[in-house]
There are 2 protein chains.
Amino acid sequence: MSDVVDAIIGQWTKERPDVVEDLWPVELFARIQRLARVIDKSAKAAAAAHGVEHGEFDVLTTLQRSGPPYALTAGAFLKASMVTSGAITNRIDRMEAKGLVERVREGDDRRTVRIRLTEHGHEVTRAAFADHLANYAQLLADVDRDLVEKTAEGLRQVLETLGDTPVK
Amino acid sequence: MSDVVDAIIGQWTKERPDVVEDLWPVELFARIQRLARVIDKSAKAAAAAHGVEHGEFDVLTTLQRSGPPYALTAGAFLKASMVTSGAITNRIDRMEAKGLVERVREGDDRRTVRIRLTEHGHEVTRAAFADHLANYAQLLADVDRDLVEKTAEGLRQVLETLGDTPVK
DNA sequence: CTTGATAATCTCAACGTTGAGATAAAAGCA
DNA sequence: TGCTTTTATCTCAACGTTGAGATTATCAAG
């Protein structure tokens, strides 16, 4: 059996035999990117069914899994989300308009803004997250469970080596 | 050792113990998405050094590895690139303005447009691709080579099972 | 031939992100 | 207290993609 990436590497091997030795990272990275696209599209559709954008869903779940009081600063999202500050501001703006979250300025530091999940936001998150997990499960329905675990473990080691560690 | 995804799953386990059983796909997918972001950013920077966007670089390499006569139809890019038709048109527009490719209307079907790599496009592609591979190699410099191969193999099986096969 | 359906590409407004800069508050230091 | 630096968030124009629809060409019947 072979996949799209095998085909791509086969083409390079024919057209550019001089770079074949340097193609091994492509075996990993191209597949990661390809799978990311597939997952993204699917997750986007699952979130859209609940009226939220992909990035907004990310904010919702980050808030919910953070536990009580379900409020984080804008800066916390910046570190967690891998997007720029402008994107966070826009997301919060939209989500506030939808009544999913609310900005709360309280505490000693008046520069910080806490983003708090509303009751409505909680409900939407619960429903959307359930669909999200169901969607994930369906994507992997025909994949051997042991293979998933072993591959995930391999990716974790790559992430660690690349320095993608939590809460720096 | 633990990575960002371990931390995320740990949070879910505490806050939503009722969904722990359904979290296993996250172990794989979250890492794929996280790595995809890292790779994307790095690849984007490498391409930008040669004055081309990420998507444009994709068109360039697709053309070069297709071999002589280094020309493909717009439709071929659609199937290969996982983006929409509008994106392809825009990419070609920009690349034509830069002198990287040229639109050629020839052959029996006058609806089709062949996108052909120019001499300048060839040069840029060679240089950018060399940097791209060097960048990839550096990202994986501290990762065990055997781990890369095994993980890539796991991802291939997932892709195959998901039906991402070449040239349908 | 003509009609209808299919196929290939392009158009364009809406959308979310980027990234540099602005604003404002807090902290460090003299 | 004043002054500078740092930190947190927001602003906004530019950018690339999306996705539905328009355009033009080919194919299949009748």
# chains A, B, ... in the order shown; residues from 1 in each chain; ligands from 1
call {"tool": "select_by_dssp", "arguments": {"residues": "chain B", "states": "helix (DSSP H, G or I)", "output": "PyMOL selection string"}}
result
chain B and resi 4-15+17-22+24-48+54-65+74-81+85-97+119-139+145-161
call {"tool": "residues_around", "arguments": {"residues": "Leu155 in chain B", "least_positions_apart": "2", "cutoff": "8 Å", "atoms": "only C-alpha atoms (C1' of nucleotides)", "output": "PyMOL selection string"}}
result
(chain A and resi 28+31-32+151) or (chain B and resi 151-153+157-159)
call {"tool": "residues_around", "arguments": {"residues": "DT7 in chain D", "least_positions_apart": "4", "cutoff": "12 Å", "atoms": "only C-alpha atoms (C1' of nucleotides)", "output": "list in words"}}
result
Gly75, Asp109, Arg110, Arg111 and Thr112 of chain A; DA24, DA25, DA26 and DA27 of chain C
call {"tool": "residues_around", "arguments": {"residues": "range 12-22 of chain C", "least_positions_apart": "4", "cutoff": "9 Å", "atoms": "only C-alpha atoms (C1' of nucleotides)", "output": "list in words"}}
result
Gly55, Val83, Thr84, Gly86, Ala87, Asn90 and Arg91 of chain A; DC10, DT11, DA14, DC15, DT17 and DT18 of chain D
call {"tool": "atom_distance", "arguments": {"atom1": "CA of Ile9 in chain B", "atom2": "CA of His120 in chain A"}}
result
23.8 Å
call {"tool": "closest_residue", "arguments": {"among": "A:Ser81, A:Gln33, A:Thr62, A:Thr73", "to": "chain B", "atoms": "only C-alpha atoms"}}
result
A:Gln33
call {"tool": "atom_distance", "arguments": {"atom1": "CA of Val104 in chain A", "atom2": "CA of Ala48 in chain A"}}
result
26.5 Å
call {"tool": "closest_atom_pairs", "arguments": {"of": "chain A", "to": "chain B", "cutoff": "7 Å", "atoms": "only C-alpha atoms", "output": "Markdown table"}}
result
| residue | atom | partner | partner_atom | distance |
| --- | --- | --- | --- | --- |
| A:Asp3 | CA | B:Thr165 | CA | 4.9 |
| A:Val4 | CA | B:Pro166 | CA | 4.6 |
| A:Ala7 | CA | B:Pro166 | CA | 6.8 |
| A:Gln11 | CA | B:Arg65 | CA | 5.5 |
| A:Trp12 | CA | B:Arg65 | CA | 5.3 |
| A:Glu15 | CA | B:Arg65 | CA | 5.8 |
| A:Asp22 | CA | B:Leu133 | CA | 6.5 |
| A:Pro25 | CA | B:Tyr136 | CA | 6.1 |
| A:Glu27 | CA | B:Ala152 | CA | 5.8 |
| A:Leu28 | CA | B:Ala152 | CA | 4.5 |
| A:Arg31 | CA | B:Leu155 | CA | 6.4 |
| A:Ile32 | CA | B:Ile32 | CA | 5.7 |
| A:Gln33 | CA | B:Ala36 | CA | 5.4 |
| A:Leu35 | CA | B:Leu159 | CA | 6.9 |
| A:Ala36 | CA | B:Gln33 | CA | 5.4 |
| A:Arg65 | CA | B:Trp12 | CA | 5.3 |
| A:Ser66 | CA | B:Gln11 | CA | 6.5 |
| A:Gly67 | CA | B:Glu15 | CA | 5.8 |
| A:Leu133 | CA | B:Asp22 | CA | 6.5 |
| A:Tyr136 | CA | B:Pro25 | CA | 6.1 |
| A:Ala137 | CA | B:Pro25 | CA | 6.4 |
| A:Asp142 | CA | B:Thr161 | CA | 6.6 |
| A:Val143 | CA | B:Thr161 | CA | 6.3 |
| A:Leu147 | CA | B:Gly154 | CA | 6.6 |
| A:Val148 | CA | B:Leu28 | CA | 6.5 |
| A:Thr151 | CA | B:Thr151 | CA | 5.4 |
| A:Ala152 | CA | B:Leu28 | CA | 4.5 |
| A:Gly154 | CA | B:Thr151 | CA | 5.4 |
| A:Leu155 | CA | B:Arg31 | CA | 6.4 |
| A:Arg156 | CA | B:Asp3 | CA | 6.5 |
| A:Val158 | CA | B:Val143 | CA | 6.4 |
| A:Leu159 | CA | B:Asp3 | CA | 6.9 |
| A:Glu160 | CA | B:Asp3 | CA | 5.9 |
| A:Thr161 | CA | B:Val143 | CA | 6.3 |
| A:Asp164 | CA | B:Asp3 | CA | 6.5 |
| A:Thr165 | CA | B:Asp3 | CA | 4.8 |
| A:Pro166 | CA | B:Val4 | CA | 4.5 |
call {"tool": "select_by_dssp", "arguments": {"residues": "chain B", "states": "strand (DSSP E)", "output": "PyMOL selection string"}}
result
chain B and resi 71-73+101-104+114-117
call {"tool": "atom_distance", "arguments": {"atom1": "CA of Leu63 in chain A", "atom2": "CA of Met95 in chain A"}}
result
12.6 Å
call {"tool": "closest_residue", "arguments": {"among": "B:Val124, B:Val101, B:Ile92, B:Ala74", "to": "chain C", "atoms": "only C-alpha atoms (C1' of nucleotides)"}}
result
B:Ala74
call {"tool": "residues_around", "arguments": {"residues": "DT11 in chain C", "least_positions_apart": "4", "cutoff": "12 Å", "atoms": "only C-alpha atoms (C1' of nucleotides)", "output": "list in words"}}
result
Ser85, Gly86, Ala87, Thr89 and Asn90 of chain B; DG19, DA20, DG21, DA22 and DT23 of chain D
call {"tool": "closest_residue", "arguments": {"among": "C:DA30, C:DC1, C:DC10, C:DT23", "to": "chain A", "atoms": "only C-alpha atoms (C1' of nucleotides)"}}
result
C:DT23
call {"tool": "decode", "arguments": {"residues": "range 84-99 of chain A", "atoms": "all heavy atoms", "output": "PDB file, in the first residue's frame"}}
result
ATOM      1  N   THR A  84      -1.679  34.952  17.092  1.00  0.00           N
ATOM      2  CA  THR A  84      -1.208  36.274  17.511  1.00  0.00           C
ATOM      3  C   THR A  84      -2.248  36.991  18.364  1.00  0.00           C
ATOM      4  O   THR A  84      -3.405  36.590  18.442  1.00  0.00           O
ATOM      5  CB  THR A  84      -0.866  37.131  16.286  1.00  0.00           C
ATOM      6  OG1 THR A  84      -2.024  37.238  15.469  1.00  0.00           O
ATOM      7  CG2 THR A  84       0.268  36.525  15.496  1.00  0.00           C
ATOM      8  N   SER A  85      -1.827  38.090  18.964  1.00  0.00           N
ATOM      9  CA  SER A  85      -2.696  38.805  19.891  1.00  0.00           C
ATOM     10  C   SER A  85      -3.933  39.375  19.201  1.00  0.00           C
ATOM     11  O   SER A  85      -5.024  39.386  19.782  1.00  0.00           O
ATOM     12  CB  SER A  85      -1.914  39.939  20.556  1.00  0.00           C
ATOM     13  OG  SER A  85      -1.529  40.906  19.604  1.00  0.00           O
ATOM     14  N   GLY A  86      -3.756  39.839  17.980  1.00  0.00           N
ATOM     15  CA  GLY A  86      -4.903  40.373  17.247  1.00  0.00           C
ATOM     16  C   GLY A  86      -5.993  39.329  17.072  1.00  0.00           C
ATOM     17  O   GLY A  86      -7.189  39.635  17.169  1.00  0.00           O
ATOM     18  N   ALA A  87      -5.582  38.116  16.811  1.00  0.00           N
ATOM     19  CA  ALA A  87      -6.551  37.036  16.617  1.00  0.00           C
ATOM     20  C   ALA A  87      -7.353  36.786  17.892  1.00  0.00           C
ATOM     21  O   ALA A  87      -8.564  36.591  17.855  1.00  0.00           O
ATOM     22  CB  ALA A  87      -5.845  35.764  16.175  1.00  0.00           C
ATOM     23  N   ILE A  88      -6.676  36.812  19.027  1.00  0.00           N
ATOM     24  CA  ILE A  88      -7.347  36.595  20.312  1.00  0.00           C
ATOM     25  C   ILE A  88      -8.388  37.687  20.563  1.00  0.00           C
ATOM     26  O   ILE A  88      -9.534  37.403  20.913  1.00  0.00           O
ATOM     27  CB  ILE A  88      -6.319  36.563  21.457  1.00  0.00           C
ATOM     28  CG1 ILE A  88      -5.394  35.353  21.305  1.00  0.00           C
ATOM     29  CG2 ILE A  88      -7.031  36.521  22.809  1.00  0.00           C
ATOM     30  CD1 ILE A  88      -6.083  34.020  21.398  1.00  0.00           C
ATOM     31  N   THR A  89      -7.967  38.927  20.361  1.00  0.00           N
ATOM     32  CA  THR A  89      -8.896  40.044  20.561  1.00  0.00           C
ATOM     33  C   THR A  89     -10.140  39.874  19.698  1.00  0.00           C
ATOM     34  O   THR A  89     -11.270  40.031  20.181  1.00  0.00           O
ATOM     35  CB  THR A  89      -8.198  41.376  20.215  1.00  0.00           C
ATOM     36  OG1 THR A  89      -7.070  41.539  21.049  1.00  0.00           O
ATOM     37  CG2 THR A  89      -9.159  42.536  20.404  1.00  0.00           C
ATOM     38  N   ASN A  90      -9.939  39.556  18.449  1.00  0.00           N
ATOM     39  CA  ASN A  90     -11.085  39.391  17.549  1.00  0.00           C
ATOM     40  C   ASN A  90     -11.987  38.241  17.978  1.00  0.00           C
ATOM     41  O   ASN A  90     -13.217  38.347  17.925  1.00  0.00           O
ATOM     42  CB  ASN A  90     -10.598  39.161  16.122  1.00  0.00           C
ATOM     43  CG  ASN A  90     -10.005  40.417  15.529  1.00  0.00           C
ATOM     44  OD1 ASN A  90     -10.305  41.531  15.979  1.00  0.00           O
ATOM     45  ND2 ASN A  90      -9.155  40.249  14.532  1.00  0.00           N
ATOM     46  N   ARG A  91     -11.377  37.154  18.376  1.00  0.00           N
ATOM     47  CA  ARG A  91     -12.166  36.002  18.809  1.00  0.00           C
ATOM     48  C   ARG A  91     -13.042  36.376  20.003  1.00  0.00           C
ATOM     49  O   ARG A  91     -14.243  36.086  20.031  1.00  0.00           O
ATOM     50  CB  ARG A  91     -11.238  34.849  19.225  1.00  0.00           C
ATOM     51  CG  ARG A  91     -10.623  34.111  18.062  1.00  0.00           C
ATOM     52  CD  ARG A  91      -9.760  32.969  18.589  1.00  0.00           C
ATOM     53  NE  ARG A  91      -8.978  32.343  17.526  1.00  0.00           N
ATOM     54  CZ  ARG A  91      -8.130  31.359  17.707  1.00  0.00           C
ATOM     55  NH1 ARG A  91      -7.947  30.867  18.921  1.00  0.00           N
ATOM     56  NH2 ARG A  91      -7.463  30.838  16.696  1.00  0.00           N
ATOM     57  N   ILE A  92     -12.416  37.022  20.973  1.00  0.00           N
ATOM     58  CA  ILE A  92     -13.156  37.394  22.175  1.00  0.00           C
ATOM     59  C   ILE A  92     -14.288  38.370  21.812  1.00  0.00           C
ATOM     60  O   ILE A  92     -15.410  38.249  22.330  1.00  0.00           O
ATOM     61  CB  ILE A  92     -12.226  38.031  23.227  1.00  0.00           C
ATOM     62  CG1 ILE A  92     -11.045  37.112  23.505  1.00  0.00           C
ATOM     63  CG2 ILE A  92     -13.001  38.320  24.507  1.00  0.00           C
ATOM     64  CD1 ILE A  92     -11.405  35.750  23.989  1.00  0.00           C
ATOM     65  N   ASP A  93     -13.988  39.315  20.912  1.00  0.00           N
ATOM     66  CA  ASP A  93     -15.017  40.256  20.466  1.00  0.00           C
ATOM     67  C   ASP A  93     -16.233  39.507  19.927  1.00  0.00           C
ATOM     68  O   ASP A  93     -17.370  39.782  20.300  1.00  0.00           O
ATOM     69  CB  ASP A  93     -14.463  41.169  19.363  1.00  0.00           C
ATOM     70  CG  ASP A  93     -13.556  42.265  19.912  1.00  0.00           C
ATOM     71  OD1 ASP A  93     -13.528  42.433  21.145  1.00  0.00           O
ATOM     72  OD2 ASP A  93     -12.888  42.933  19.122  1.00  0.00           O
ATOM     73  N   ARG A  94     -15.986  38.588  19.048  1.00  0.00           N
ATOM     74  CA  ARG A  94     -17.085  37.853  18.424  1.00  0.00           C
ATOM     75  C   ARG A  94     -17.834  37.006  19.446  1.00  0.00           C
ATOM     76  O   ARG A  94     -19.065  36.944  19.448  1.00  0.00           O
ATOM     77  CB  ARG A  94     -16.549  36.945  17.309  1.00  0.00           C
ATOM     78  CG  ARG A  94     -15.970  37.691  16.128  1.00  0.00           C
ATOM     79  CD  ARG A  94     -15.764  36.757  14.940  1.00  0.00           C
ATOM     80  NE  ARG A  94     -14.913  35.609  15.245  1.00  0.00           N
ATOM     81  CZ  ARG A  94     -13.597  35.589  15.051  1.00  0.00           C
ATOM     82  NH1 ARG A  94     -12.972  36.641  14.588  1.00  0.00           N
ATOM     83  NH2 ARG A  94     -12.896  34.508  15.334  1.00  0.00           N
ATOM     84  N   MET A  95     -17.057  36.362  20.305  1.00  0.00           N
ATOM     85  CA  MET A  95     -17.681  35.473  21.281  1.00  0.00           C
ATOM     86  C   MET A  95     -18.467  36.252  22.329  1.00  0.00           C
ATOM     87  O   MET A  95     -19.477  35.778  22.831  1.00  0.00           O
ATOM     88  CB  MET A  95     -16.607  34.619  21.952  1.00  0.00           C
ATOM     89  CG  MET A  95     -15.923  33.685  20.965  1.00  0.00           C
ATOM     90  SD  MET A  95     -14.541  32.791  21.696  1.00  0.00           S
ATOM     91  CE  MET A  95     -15.416  31.581  22.693  1.00  0.00           C
ATOM     92  N   GLU A  96     -17.995  37.459  22.625  1.00  0.00           N
ATOM     93  CA  GLU A  96     -18.715  38.294  23.569  1.00  0.00           C
ATOM     94  C   GLU A  96     -20.059  38.714  22.945  1.00  0.00           C
ATOM     95  O   GLU A  96     -21.100  38.711  23.612  1.00  0.00           O
ATOM     96  CB  GLU A  96     -17.880  39.529  23.920  1.00  0.00           C
ATOM     97  CG  GLU A  96     -18.306  40.192  25.211  1.00  0.00           C
ATOM     98  CD  GLU A  96     -17.293  41.236  25.679  1.00  0.00           C
ATOM     99  OE1 GLU A  96     -16.515  41.753  24.847  1.00  0.00           O
ATOM    100  OE2 GLU A  96     -17.292  41.533  26.882  1.00  0.00           O
ATOM    101  N   ALA A  97     -20.009  39.039  21.658  1.00  0.00           N
ATOM    102  CA  ALA A  97     -21.239  39.431  20.951  1.00  0.00           C
ATOM    103  C   ALA A  97     -22.237  38.281  20.910  1.00  0.00           C
ATOM    104  O   ALA A  97     -23.450  38.490  20.913  1.00  0.00           O
ATOM    105  CB  ALA A  97     -20.885  39.887  19.538  1.00  0.00           C
ATOM    106  N   LYS A  98     -21.723  37.072  20.890  1.00  0.00           N
ATOM    107  CA  LYS A  98     -22.599  35.901  20.860  1.00  0.00           C
ATOM    108  C   LYS A  98     -23.053  35.498  22.263  1.00  0.00           C
ATOM    109  O   LYS A  98     -23.843  34.560  22.416  1.00  0.00           O
ATOM    110  CB  LYS A  98     -21.876  34.705  20.237  1.00  0.00           C
ATOM    111  CG  LYS A  98     -21.635  34.806  18.740  1.00  0.00           C
ATOM    112  CD  LYS A  98     -20.914  33.554  18.252  1.00  0.00           C
ATOM    113  CE  LYS A  98     -20.496  33.691  16.794  1.00  0.00           C
ATOM    114  NZ  LYS A  98     -19.627  32.566  16.365  1.00  0.00           N
ATOM    115  N   GLY A  99     -22.509  36.147  23.268  1.00  0.00           N
ATOM    116  CA  GLY A  99     -22.887  35.820  24.639  1.00  0.00           C
ATOM    117  C   GLY A  99     -22.232  34.556  25.174  1.00  0.00           C
ATOM    118  O   GLY A  99     -22.695  33.972  26.145  1.00  0.00           O
TER     119      GLY A  99
END
